[in-house]
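J.: Sending over structure-v6.pdb (PDB, C-alpha atoms).
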ATOM      1  CA  MET A 194     129.230  65.224 114.654
ATOM      2  CA  SER A 195     128.138  68.708 113.576
ATOM      3  CA  ALA A 196     126.712  69.382 110.132
ATOM      4  CA  PRO A 197     129.160  70.678 107.494
ATOM      5  CA  SER A 198     129.429  74.450 107.179
ATOM      6  CA  ARG A 199     127.805  75.997 104.129
ATOM      7  CA  ARG A 200     131.303  77.271 103.276
ATOM      8  CA  ASP A 201     132.979  73.863 103.471
ATOM      9  CA  TRP A 202     131.950  72.906  99.960
ATOM     10  CA  LEU A 203     133.670  75.971  98.521
ATOM     11  CA  ALA A 204     136.926  75.290 100.364
ATOM     12  CA  ARG A 205     136.813  71.665  99.211
ATOM     13  CA  LEU A 206     136.271  72.705  95.581
ATOM     14  CA  TYR A 207     139.232  75.084  95.742
ATOM     15  CA  ALA A 208     141.369  72.400  97.381
ATOM     16  CA  GLY A 209     140.399  70.028  94.569
ATOM     17  CA  GLY A 210     141.772  72.199  91.773
ATOM     18  CA  VAL A 211     139.054  74.792  91.162
ATOM     19  CA  THR A 212     140.496  78.291  90.683
ATOM     20  CA  PRO A 213     138.771  80.822  92.989
ATOM     21  CA  ALA A 214     136.790  83.615  91.364
ATOM     22  CA  SER A 215     134.144  86.162  92.274
ATOM     23  CA  PHE A 216     132.301  87.361  89.210
ATOM     24  CA  LEU A 217     128.779  88.758  89.385
ATOM     25  CA  PRO A 218     127.031  88.622  85.983
ATOM     26  CA  ASP A 219     124.865  91.509  84.873
ATOM     27  CA  ALA A 220     121.187  91.410  85.840
ATOM     28  CA  SER A 221     121.847  88.824  88.528
ATOM     29  CA  VAL A 222     118.894  89.930  90.640
ATOM     30  CA  GLY A 223     115.473  89.407  89.165
ATOM     31  CA  ARG A 224     115.003  87.712  85.830
ATOM     32  CA  ALA A 225     116.937  87.972  82.623
ATOM     33  CA  PRO A 226     115.303  87.697  79.198
ATOM     34  CA  ASP A 227     114.761  84.162  77.956
ATOM     35  CA  PRO A 228     115.306  83.836  74.190
ATOM     36  CA  GLU A 229     112.815  80.965  73.968
ATOM     37  CA  ALA A 230     110.135  82.893  75.860
ATOM     38  CA  ASP A 231     110.723  85.877  73.583
ATOM     39  CA  GLN A 232     109.687  83.938  70.485
ATOM     40  CA  GLY A 233     105.969  84.426  70.057
ATOM     41  CA  GLY A 234     103.465  82.140  68.399
ATOM     42  CA  SER A 235     100.908  83.123  65.789
ATOM     43  CA  VAL A 236      98.224  85.671  66.643
ATOM     44  CA  GLU A 237      94.498  85.877  65.930
ATOM     45  CA  LEU A 238      92.382  89.001  66.535
ATOM     46  CA  VAL A 239      89.399  87.855  68.599
ATOM     47  CA  GLU A 240      87.680  90.968  70.009
ATOM     48  CA  ASP A 241      87.614  93.454  67.121
ATOM     49  CA  PRO A 242      88.067  93.001  63.352
ATOM     50  CA  GLU A 243      90.954  95.485  63.575
ATOM     51  CA  LEU A 244      93.155  96.029  66.605
ATOM     52  CA  GLY A 245      91.364  98.796  68.466
ATOM     53  CA  ILE A 246      92.067 101.048  71.442
ATOM     54  CA  HIS A 247      89.702 101.018  74.433
ATOM     55  CA  GLU A 248      89.536 103.614  77.202
ATOM     56  CA  LEU A 249      89.477 102.278  80.760
ATOM     57  CA  SER A 250      88.272 103.205  84.218
ATOM     58  CA  ARG A 251      90.312 102.471  87.323
ATOM     59  CA  LEU A 252      88.512  99.822  89.400
ATOM     60  CA  ASP A 253      89.046  98.425  92.890
ATOM     61  CA  PRO A 254      90.578  94.945  92.682
ATOM     62  CA  PRO A 255      88.645  92.057  94.236
ATOM     63  CA  ALA A 256      89.375  91.159  97.845
ATOM     64  CA  GLY A 257      91.734  88.256  98.406
ATOM     65  CA  MET A 258      93.808  88.810  95.274
ATOM     66  CA  ALA A 259      97.171  86.984  95.401
ATOM     67  CA  PHE A 260     100.472  87.693  93.631
ATOM     68  CA  LEU A 261     103.245  85.369  92.435
ATOM     69  CA  ASP A 262     106.818  86.424  91.738
ATOM     70  CA  GLY A 263     110.297  84.927  91.882
ATOM     71  CA  ILE A 264     113.927  86.017  92.000
ATOM     72  CA  GLN A 265     117.236  84.609  90.857
ATOM     73  CA  GLN A 266     120.669  85.590  92.129
ATOM     74  CA  TRP A 267     123.906  84.001  90.981
ATOM     75  CA  LYS A 268     127.605  84.500  90.608
ATOM     76  CA  VAL A 269     130.608  82.621  89.266
ATOM     77  CA  ILE A 270     132.633  81.303  92.214
ATOM     78  CA  GLY A 271     135.423  79.480  90.374
ATOM     79  CA  TYR A 272     136.819  77.948  87.213
ATOM     80  CA  ASP A 273     137.656  74.374  86.333
ATOM     81  CA  GLY A 274     140.362  75.189  83.818
ATOM     82  CA  VAL A 275     138.552  77.931  81.920
ATOM     83  CA  MET A 276     135.027  76.608  82.473
ATOM     84  CA  PRO A 277     132.956  78.516  85.075
ATOM     85  CA  ILE A 278     131.254  77.121  88.174
ATOM     86  CA  ALA A 279     128.428  79.170  89.702
ATOM     87  CA  PHE A 280     126.444  79.404  92.908
ATOM     88  CA  ALA A 281     122.777  80.418  92.561
ATOM     89  CA  HIS A 282     119.805  81.164  94.758
ATOM     90  CA  VAL A 283     116.293  80.969  93.292
ATOM     91  CA  ALA A 284     113.125  81.666  95.243
ATOM     92  CA  ALA A 285     109.426  82.260  94.648
ATOM     93  CA  ALA A 286     106.442  83.238  96.749
ATOM     94  CA  VAL A 287     102.714  83.806  96.585
ATOM     95  CA  ARG A 288     101.424  86.570  98.832
ATOM     96  CA  ARG A 289      97.742  87.355  99.333
ATOM     97  CA  VAL A 290      95.976  90.603 100.238
ATOM     98  CA  ALA A 291      94.611  90.227 103.778
ATOM     99  CA  GLY A 292      91.725  92.065 105.396
ATOM    100  CA  ASN A 293      93.966  94.955 106.443
ATOM    101  CA  ARG A 294      95.167  95.337 102.830
ATOM    102  CA  ARG A 295      98.613  94.041 103.789
ATOM    103  CA  LEU A 296     100.144  91.056 102.027
ATOM    104  CA  VAL A 297     100.497  87.762 103.842
ATOM    105  CA  THR A 298     102.578  84.853 102.553
ATOM    106  CA  VAL A 299     100.587  81.776 101.551
ATOM    107  CA  ALA A 300     103.333  79.819  99.760
ATOM    108  CA  THR A 301     107.074  80.133  99.329
ATOM    109  CA  GLY A 302     110.018  78.062  98.190
ATOM    110  CA  ARG A 303     113.753  78.403  97.647
ATOM    111  CA  ARG A 304     116.634  76.421  96.202
ATOM    112  CA  ASP A 305     120.369  76.957  96.582
ATOM    113  CA  LEU A 306     122.278  75.527  93.635
ATOM    114  CA  VAL A 307     125.807  74.944  92.407
ATOM    115  CA  LEU A 308     125.908  74.824  88.620
ATOM    116  CA  ALA A 309     128.686  73.540  86.392
ATOM    117  CA  LEU A 310     129.151  71.882  83.028
ATOM    118  CA  GLU A 311     128.601  68.130  83.050
ATOM    119  CA  GLU A 312     132.266  67.281  82.633
ATOM    120  CA  THR A 313     133.207  69.465  85.619
ATOM    121  CA  TRP A 314     131.414  67.254  88.146
ATOM    122  CA  THR A 315     133.633  64.686  89.807
ATOM    123  CA  ASP A 316     132.337  62.407  92.558
ATOM    124  CA  ALA A 317     134.327  64.377  95.149
ATOM    125  CA  ARG A 318     132.944  67.739  94.021
ATOM    126  CA  ARG A 319     129.383  66.462  93.935
ATOM    127  CA  GLU A 320     129.749  64.989  97.422
ATOM    128  CA  ALA A 321     131.203  68.250  98.777
ATOM    129  CA  VAL A 322     128.203  70.202  97.480
ATOM    130  CA  THR A 323     125.466  67.820  98.600
ATOM    131  CA  ALA A 324     127.047  67.384 102.054
ATOM    132  CA  SER A 325     126.544  71.105 102.622
ATOM    133  CA  GLY A 326     122.845  70.943 101.741
ATOM    134  CA  LEU A 327     123.195  72.454  98.272
ATOM    135  CA  GLU A 328     121.933  71.045  94.970
ATOM    136  CA  PRO A 329     124.469  70.230  92.231
ATOM    137  CA  VAL A 330     123.133  71.012  88.758
ATOM    138  CA  SER A 331     124.753  69.687  85.582
ATOM    139  CA  VAL A 332     124.588  71.969  82.554
ATOM    140  CA  PRO A 333     125.171  70.583  79.035
ATOM    141  CA  ALA A 334     128.536  71.442  77.505
ATOM    142  CA  ALA A 335     128.709  74.783  75.691
ATOM    143  CA  ALA A 336     131.174  74.279  72.817
ATOM    144  CA  GLY A 337     134.217  74.768  75.022
ATOM    145  CA  GLN A 338     133.982  78.569  75.117
ATOM    146  CA  PRO A 339     133.906  80.266  78.560
ATOM    147  CA  ALA A 340     131.542  83.026  77.399
ATOM    148  CA  MET A 341     129.127  80.454  75.990
ATOM    149  CA  ALA A 342     129.410  78.427  79.183
ATOM    150  CA  ILE A 343     128.462  81.449  81.299
ATOM    151  CA  GLU A 344     125.429  82.009  79.070
ATOM    152  CA  ALA A 345     124.494  78.325  79.497
ATOM    153  CA  LEU A 346     124.708  78.745  83.277
ATOM    154  CA  ARG A 347     122.538  81.853  83.124
ATOM    155  CA  ARG A 348     119.911  79.995  81.121
ATOM    156  CA  ALA A 349     120.015  77.110  83.588
ATOM    157  CA  VAL A 350     119.458  79.468  86.539
ATOM    158  CA  HIS A 351     116.528  81.034  84.676
ATOM    159  CA  HIS A 352     114.898  77.662  84.075
ATOM    160  CA  GLU A 353     115.391  76.551  87.682
ATOM    161  CA  ARG A 354     113.653  79.716  88.886
ATOM    162  CA  GLN A 355     110.907  79.327  86.322
ATOM    163  CA  ALA A 356     110.295  75.718  87.402
ATOM    164  CA  LEU A 357     110.017  76.797  91.042
ATOM    165  CA  GLU A 358     107.581  79.597  90.183
ATOM    166  CA  LYS A 359     105.520  77.205  88.088
ATOM    167  CA  SER A 360     105.271  74.652  90.882
ATOM    168  CA  ILE A 361     104.282  77.172  93.538
ATOM    169  CA  GLY A 362     101.918  79.027  91.211
ATOM    170  CA  GLU A 363     100.071  75.910  90.095
ATOM    171  CA  ALA A 364      99.564  74.817  93.700
ATOM    172  CA  ALA A 365      98.317  78.273  94.695
ATOM    173  CA  ALA A 366      95.927  78.490  91.735
ATOM    174  CA  GLY A 367      94.437  75.141  92.685
ATOM    175  CA  GLN A 368      93.533  76.554  96.107
ATOM    176  CA  LEU A 369      91.887  79.796  94.943
ATOM    177  CA  GLY A 370      88.382  80.454  96.179
ATOM    178  CA  ASN A 371      85.561  81.168  93.741
ATOM    179  CA  SER A 372      86.085  84.930  93.958
ATOM    180  CA  GLU A 373      89.879  84.956  94.299
ATOM    181  CA  TRP A 374      92.438  85.748  91.601
ATOM    182  CA  LEU A 375      96.150  85.071  91.174
ATOM    183  CA  VAL A 376      98.330  87.660  89.397
ATOM    184  CA  VAL A 377     101.534  86.167  87.962
ATOM    185  CA  ASP A 378     104.598  88.238  87.143
ATOM    186  CA  GLY A 379     105.332  86.890  83.680
ATOM    187  CA  GLN A 380     103.748  84.628  81.116
ATOM    188  CA  LEU A 381     100.928  82.252  81.979
ATOM    189  CA  SER A 382     101.536  80.267  78.824
ATOM    190  CA  VAL A 383     104.604  78.466  80.239
ATOM    191  CA  SER A 384     102.179  76.447  82.406
ATOM    192  CA  ALA A 385      99.151  74.738  80.888
ATOM    193  CA  SER A 386      97.501  74.681  84.314
ATOM    194  CA  LEU A 387      97.902  78.423  84.899
ATOM    195  CA  ALA A 388      97.068  79.308  81.297
ATOM    196  CA  ARG A 389      93.726  77.478  81.497
ATOM    197  CA  HIS A 390      92.689  78.633  84.947
ATOM    198  CA  PRO A 391      89.733  81.077  84.770
ATOM    199  CA  ARG A 392      91.094  83.379  87.495
ATOM    200  CA  THR A 393      94.800  83.781  86.775
ATOM    201  CA  ILE A 394      96.325  86.883  85.177
ATOM    202  CA  GLY A 395      99.802  87.127  83.675
ATOM    203  CA  VAL A 396     101.453  90.558  83.536
ATOM    204  CA  ILE A 397     104.493  90.774  81.240
ATOM    205  CA  LYS A 398     106.834  93.758  81.637
ATOM    206  CA  SER A 399     109.366  92.955  78.886
ATOM    207  CA  HIS A 400     108.567  93.090  75.207
ATOM    208  CA  GLY A 401     111.206  90.995  73.475
ATOM    209  CA  ALA A 402     108.403  89.064  71.769
ATOM    210  CA  GLN A 403     106.448  91.133  69.265
ATOM    211  CA  PHE A 404     103.097  89.490  68.564
ATOM    212  CA  LEU A 405     101.830  92.131  66.161
ATOM    213  CA  GLU A 406     103.131  93.888  63.069
ATOM    214  CA  GLY A 407     102.483  96.831  60.827
ATOM    215  CA  ARG A 408      99.717  99.230  61.863
ATOM    216  CA  HIS A 409      98.625  96.872  64.651
ATOM    217  CA  LEU A 410     102.081  96.963  66.217
ATOM    218  CA  GLU A 411     102.155 100.763  65.933
ATOM    219  CA  ARG A 412      98.799 101.019  67.709
ATOM    220  CA  ALA A 413      99.913  98.670  70.456
ATOM    221  CA  LEU A 414     103.189 100.498  71.122
ATOM    222  CA  THR A 415     101.553 103.949  71.134
ATOM    223  CA  VAL A 416      98.431 103.094  73.151
ATOM    224  CA  PRO A 417      97.704 106.041  75.490
ATOM    225  CA  ALA A 418      97.861 105.803  79.282
ATOM    226  CA  GLY A 419      94.686 104.399  80.815
ATOM    227  CA  HIS A 420      93.829 102.550  77.596
ATOM    228  CA  ARG A 421      94.220  99.011  76.309
ATOM    229  CA  THR A 422      94.299  97.371  72.918
ATOM    230  CA  SER A 423      91.594  94.974  71.893
ATOM    231  CA  VAL A 424      92.164  91.328  72.764
ATOM    232  CA  PHE A 425      94.156  89.006  70.520
ATOM    233  CA  ARG A 426      94.792  85.298  70.942
ATOM    234  CA  VAL A 427      98.366  84.043  71.118
ATOM    235  CA  LEU A 428      98.297  80.544  69.642
ATOM    236  CA  GLY A 429     101.172  78.952  71.499
ATOM    237  CA  GLY A 430     104.785  78.937  70.417
ATOM    238  CA  HIS A 431     107.445  76.535  71.801
ATOM    239  CA  GLY A 432     104.643  74.240  72.947
ATOM    240  CA  ARG A 433     103.000  76.917  75.075
ATOM    241  CA  THR A 434      99.273  76.964  75.787
ATOM    242  CA  ALA A 435      97.133  79.437  73.833
ATOM    243  CA  VAL A 436      96.038  82.510  75.831
ATOM    244  CA  ASP A 437      94.062  85.694  75.275
ATOM    245  CA  SER A 438      96.209  88.807  75.513
ATOM    246  CA  TRP A 439      96.222  92.591  75.182
ATOM    247  CA  TYR A 440      98.515  95.566  75.757
ATOM    248  CA  LEU A 441      97.804  97.997  78.579
ATOM    249  CA  ARG A 442      99.437 101.372  79.244
ATOM    250  CA  LEU A 443      99.852 102.175  82.945
ATOM    251  CA  TRP A 444     101.599 105.562  82.586
ATOM    252  CA  PRO A 445     102.027 108.083  79.741
ATOM    253  CA  TRP A 446     104.940 107.192  77.461
ATOM    254  CA  GLU A 447     105.344 110.571  75.749
ATOM    255  CA  GLY A 448     108.750 112.001  76.631
ATOM    256  CA  HIS A 449     110.093 108.577  77.556
ATOM    257  CA  ASP A 450     110.083 105.600  75.177
ATOM    258  CA  LEU A 451     107.537 103.310  73.545
ATOM    259  CA  HIS A 452     107.744 100.664  76.281
ATOM    260  CA  TYR A 453     107.400 103.090  79.187
ATOM    261  CA  GLY A 454     104.403 102.082  81.308
ATOM    262  CA  LEU A 455     103.453  99.345  78.836
ATOM    263  CA  VAL A 456     102.553  95.824  79.940
ATOM    264  CA  ARG A 457     101.036  92.872  78.156
ATOM    265  CA  VAL A 458      98.298  90.933  79.921
ATOM    266  CA  GLU A 459      97.493  87.229  79.533
ATOM    267  CA  ILE A 460      94.383  85.331  80.646
ATOM    268  CA  ALA A 461      92.829  81.989  79.744
ATOM    269  CA  SER A 462      91.241  81.867  76.301
ATOM    270  CA  GLY A 463      87.465  82.175  76.482
ATOM    271  CA  PRO A 464      84.348  82.312  74.293
ATOM    272  CA  ASP A 465      83.841  86.072  74.851
ATOM    273  CA  PRO A 466      87.400  87.467  74.667
ATOM    274  CA  GLY A 467      86.567  91.096  75.408
ATOM    275  CA  ALA A 468      84.231  90.482  78.353
ATOM    276  CA  ARG A 469      86.824  90.338  81.141
ATOM    277  CA  ALA A 470      89.470  92.676  79.721
ATOM    278  CA  PRO A 471      87.899  95.987  80.919
ATOM    279  CA  ALA A 472      87.586  94.919  84.575
ATOM    280  CA  ILE A 473      90.981  93.208  84.748
ATOM    281  CA  SER A 474      92.649  96.228  83.133
ATOM    282  CA  GLY A 475      90.891  98.522  85.613
ATOM    283  CA  TRP A 476      92.233  96.440  88.526
ATOM    284  CA  LEU A 477      95.769  96.610  87.148
ATOM    285  CA  LEU A 478      95.537 100.383  86.777
ATOM    286  CA  ALA A 479      94.663 100.570  90.475
ATOM    287  CA  LEU A 480      97.568  98.275  91.412
ATOM    288  CA  ARG A 481     100.173 100.580  89.872
ATOM    289  CA  SER A 482      99.926 102.624  93.100
ATOM    290  CA  PRO A 483     101.760 103.108  95.401
ATOM    291  CA  LEU A 484     104.613 103.618  92.973
ATOM    292  CA  ALA A 485     107.186 100.797  93.008
ATOM    293  CA  ALA A 486     110.077 103.266  93.272
ATOM    294  CA  PRO A 487     113.058 103.335  93.446
ATOM    295  CA  ASP A 488     112.959 100.187  91.279
ATOM    296  CA  ALA A 489     114.039 101.128  87.759
ATOM    297  CA  ARG A 490     111.050  99.193  86.374
ATOM    298  CA  PHE A 491     108.507 101.154  88.430
ATOM    299  CA  ASP A 492     106.575 102.280  85.340
ATOM    300  CA  ARG A 493     105.676  98.649  84.504
ATOM    301  CA  LEU A 494     105.900  97.046  87.951
ATOM    302  CA  LEU A 495     102.703  96.557  89.935
ATOM    303  CA  TYR A 496     103.272  97.526  93.545
ATOM    304  CA  PRO A 497     102.156  94.153  95.043
ATOM    305  CA  ILE A 498     104.567  92.322  92.708
ATOM    306  CA  HIS A 499     107.325  94.702  93.815
ATOM    307  CA  GLU A 500     106.435  93.888  97.425
ATOM    308  CA  VAL A 501     106.689  90.127  96.799
ATOM    309  CA  GLU A 502     110.110  90.606  95.204
ATOM    310  CA  THR A 503     111.245  92.763  98.122
ATOM    311  CA  PHE A 504     110.072  90.041 100.516
ATOM    312  CA  LEU A 505     112.102  87.416  98.639
ATOM    313  CA  ARG A 506     115.234  89.553  98.444
ATOM    314  CA  SER A 507     115.131  90.170 102.181
ATOM    315  CA  ARG A 508     115.350  86.406 102.740
ATOM    316  CA  ALA A 509     118.045  85.681 100.157
ATOM    317  CA  PRO A 510     121.582  84.674 101.262
ATOM    318  CA  GLY A 511     123.194  87.762 102.683
ATOM    319  CA  ASP A 512     126.636  87.128 101.195
ATOM    320  CA  LEU A 513     125.648  86.106  97.664
ATOM    321  CA  LEU A 514     125.729  89.662  96.333
ATOM    322  CA  GLY A 515     128.311  90.859  98.825
ATOM    323  CA  SER A 516     131.438  92.780  98.040
ATOM    324  CA  ILE A 517     133.185  91.710  94.863
ATOM    325  CA  SER A 518     136.959  91.792  94.774
ATOM    326  CA  GLY A 519     138.328  94.821  92.992
ATOM    327  CA  ARG A 520     139.612  94.303  89.455
ATOM    328  CA  LEU A 521     142.757  96.349  90.009
ATOM    329  CA  PRO A 522     145.922  94.195  89.961
ATOM    330  CA  ARG A 523     147.662  93.394  93.232
ATOM    331  CA  THR A 524     150.894  95.361  93.333
ATOM    332  CA  GLY A 525     152.165  94.228  96.704
ATOM    333  CA  THR A 526     152.421  97.834  97.902
TER     334      THR A 526
END
Kindly present the structure from the file in structure tokens form.

T.:
Amino acid sequence: MSAPSRRDWLARLYAGGVTPASFLPDASVGRAPDPEADQGGSVELVEDPELGIHELSRLDPPAGMAFLDGIQQWKVIGYDGVMPIAFAHVAAAVRRVAGNRRLVTVATGRRDLVLALEETWTDARREAVTASGLEPVSVPAAAGQPAMAIEALRRAVHHERQALEKSIGEAAAGQLGNSEWLVVDGQLSVSASLARHPRTIGVIKSHGAQFLEGRHLERALTVPAGHRTSVFRVLGGHGRTAVDSWYLRLWPWEGHDLHYGLVRVEIASGPDPGARAPAISGWLLALRSPLAAPDARFDRLLYPIHEVETFLRSRAPGDLLGSISGRLPRTGT
């Protein structure tokens, strides 16, 4: 007997009372902001008495540097009453710079998920999904409001991707050689293992969390291109591990906006906070080229991270982000 088609589960859901739909939420590709991650912990200045600005030199990154990134893609494929059901693809990969300066894949993982509120899952629906090789995911009820339920599904997709990235990243970090480094797209502090590793670097492109205030915040948001702030220690927040951090400007922001070309860097907390920041910042300045265009985030996106994301997108399900039915009413003409 042949294995069930990957489409069988969808036909069985529709036959079982689910109303067909095809709704692609905004920002489906890549990552969406996580409200929990955007709540910072307390901050302690650890390099300078006042938050200072330090000029940098571009430096060649070490050989064998590896890069971790992940993607999430999802869309609503039906409704149980008014409650949405979604299909999602999450994937992550670590790619390492080889001798010819090209990236080679050293670790990768993917999960294809069907997400619905807990009360939506009947035995028949769960069996239809698992028989097709997909993972059913139950999401806690969201106060009976469809808009809130869609937000709950989005958060669930985010956490599934984050868990996959964490697993692959921790395994890759454990296999780093003595002179090798792992650059993570996002916060290190969500993983105690990554946050404490001496050769992992987190690069954060979004700035929903503001760790500074007053004149220190103004200095951080107006730091010139090719400069960094002094190091400050982020003391957790939502149970996260403390890390040393600083802001780095990759490209001039004048004529754009305060966040243009601005990233925040995280590394493991250490006894001499400012010792590693100049070299790491110099490596990141070098990794901004080639330009990660036409990606809209090119001003904050390191090219190797862009390449990992491109690699993952090329292996994502081809029909997930396919044509969406038009929203014009059917007139029968």

J.: Of the candidates A:Ile264, A:Val330, A:Ala345, A:Val239, which shows the shortest atom-to-atom distance to Val427 (chain A), using all atoms listed in the file?

T.: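 The shortest atom-to-atom distance to Val427 (chain A) comes from A:Val239.
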
J.: Which neighbours of His247 (chain A) fall inside 7 Å, counting only C-alpha atoms, when residues of the same chain fewer than 6 positions from it are skipped, and could you give them as a list in words?

T.: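 Skipping anything fewer than 6 positions along the chain leaves His420, Arg421, Thr422 and Ser423 of chain A.
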
J.: Within 6 Å of region 378-393 of chain A, counting only C-alpha atoms, which residues show up once you throw out same-chain ones fewer than 2 positions away? Write them as a list in words, please.

T.: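 Counting only the stated atoms, we get Asp262, Trp374, Leu375, Val376, Gly395, Val396, Ile397, Arg433, Thr434 and Ala461 of chain A.
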
J.: Take the selection from the previous step and output its residues with C-alpha atoms, as a tab-separated table (two decimals), in the coordinates of the input.

T.:
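Result saved to out11.tsv:
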chain	number	residue	atom	x	y	z
A	262	ASP	CA	106.82	86.42	91.74
A	374	TRP	CA	92.44	85.75	91.60
A	375	LEU	CA	96.15	85.07	91.17
A	376	VAL	CA	98.33	87.66	89.40
A	395	GLY	CA	99.80	87.13	83.68
A	396	VAL	CA	101.45	90.56	83.54
A	397	ILE	CA	104.49	90.77	81.24
A	433	ARG	CA	103.00	76.92	75.08
A	434	THR	CA	99.27	76.96	75.79
A	461	ALA	CA	92.83	81.99	79.74

J.: Expanded to explicit residues, what is the PyMOL selection byres ((chain A and resi 257) around 7) for this file, as a ChimeraX atom specification?

T.: /A:255-256,258-259,289-291,373

J.: Choose the residue, out of A:Trp202, A:Arg481, A:Asp465, A:Trp444, that has the smallest atom-to-atom separation from Ser325 (chain A); count all atoms listed in the file.

T.: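 Once distances to Ser325 (chain A) are computed over all atoms listed in the file, the minimum belongs to A:Trp202.
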
J.: Can you turn the PyMOL selection byres ((chain A and resi 282-286) around 8) into a concrete residue list for this file, as a ChimeraX atom specification?

T.: /A:261-267,280-281,287-288,298-306,350,353-354,357-358,361,501,505,509-510

J.: My list of candidates is A:Arg251, A:Arg294, A:Arg442, A:Lys268. Which is closest to Gly454 (chain A) when distances are computed with all atoms listed in the file?

T.: A:Arg442

J.: Using only C-alpha atoms, which residue out of A:Arg200, A:Arg348, A:Lys398, A:Arg426 lies closest to Ile498 (chain A)?

T.: A:Lys398

J.: Please report the interatomic distance between CA of Ala279 (chain A) and CA of Ala317 (chain A) in Å with one decimal.

T.: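 Result for CA of Ala279 (chain A) versus CA of Ala317 (chain A): 16.8 Å, one decimal.
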
J.: Please, which residues are within 8 Å of (97.6, 83.8, 70.2) by the file's coordinates, counting only C-alpha atoms, and could they come as a list in words?

T.: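 Output: Gly234, Ser235, Val236, Glu237, Phe425, Arg426, Val427, Leu428, Gly429, Ala435, Val436, Asp437 and Ser438 of chain A.
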
J.: Set up a box along x, y and z of the file covering all listed atoms of region 370-387 of chain A, add 5 Å on every one of the six sides, and write the centre and edge lengths in Å to one decimal, as JSON.

T.:
{"center_x": 95.4, "center_y": 81.5, "center_z": 87.5, "size_x": 29.8, "size_y": 23.6, "size_z": 27.4}

J.: Which of these residues is nearest to Leu478 (chain A), using all atoms listed in the file: A:Gly448, A:Gly210, A:Pro254, A:Gly370?

T.: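 Using all atoms listed in the file, Leu478 (chain A) sits closest to A:Pro254.
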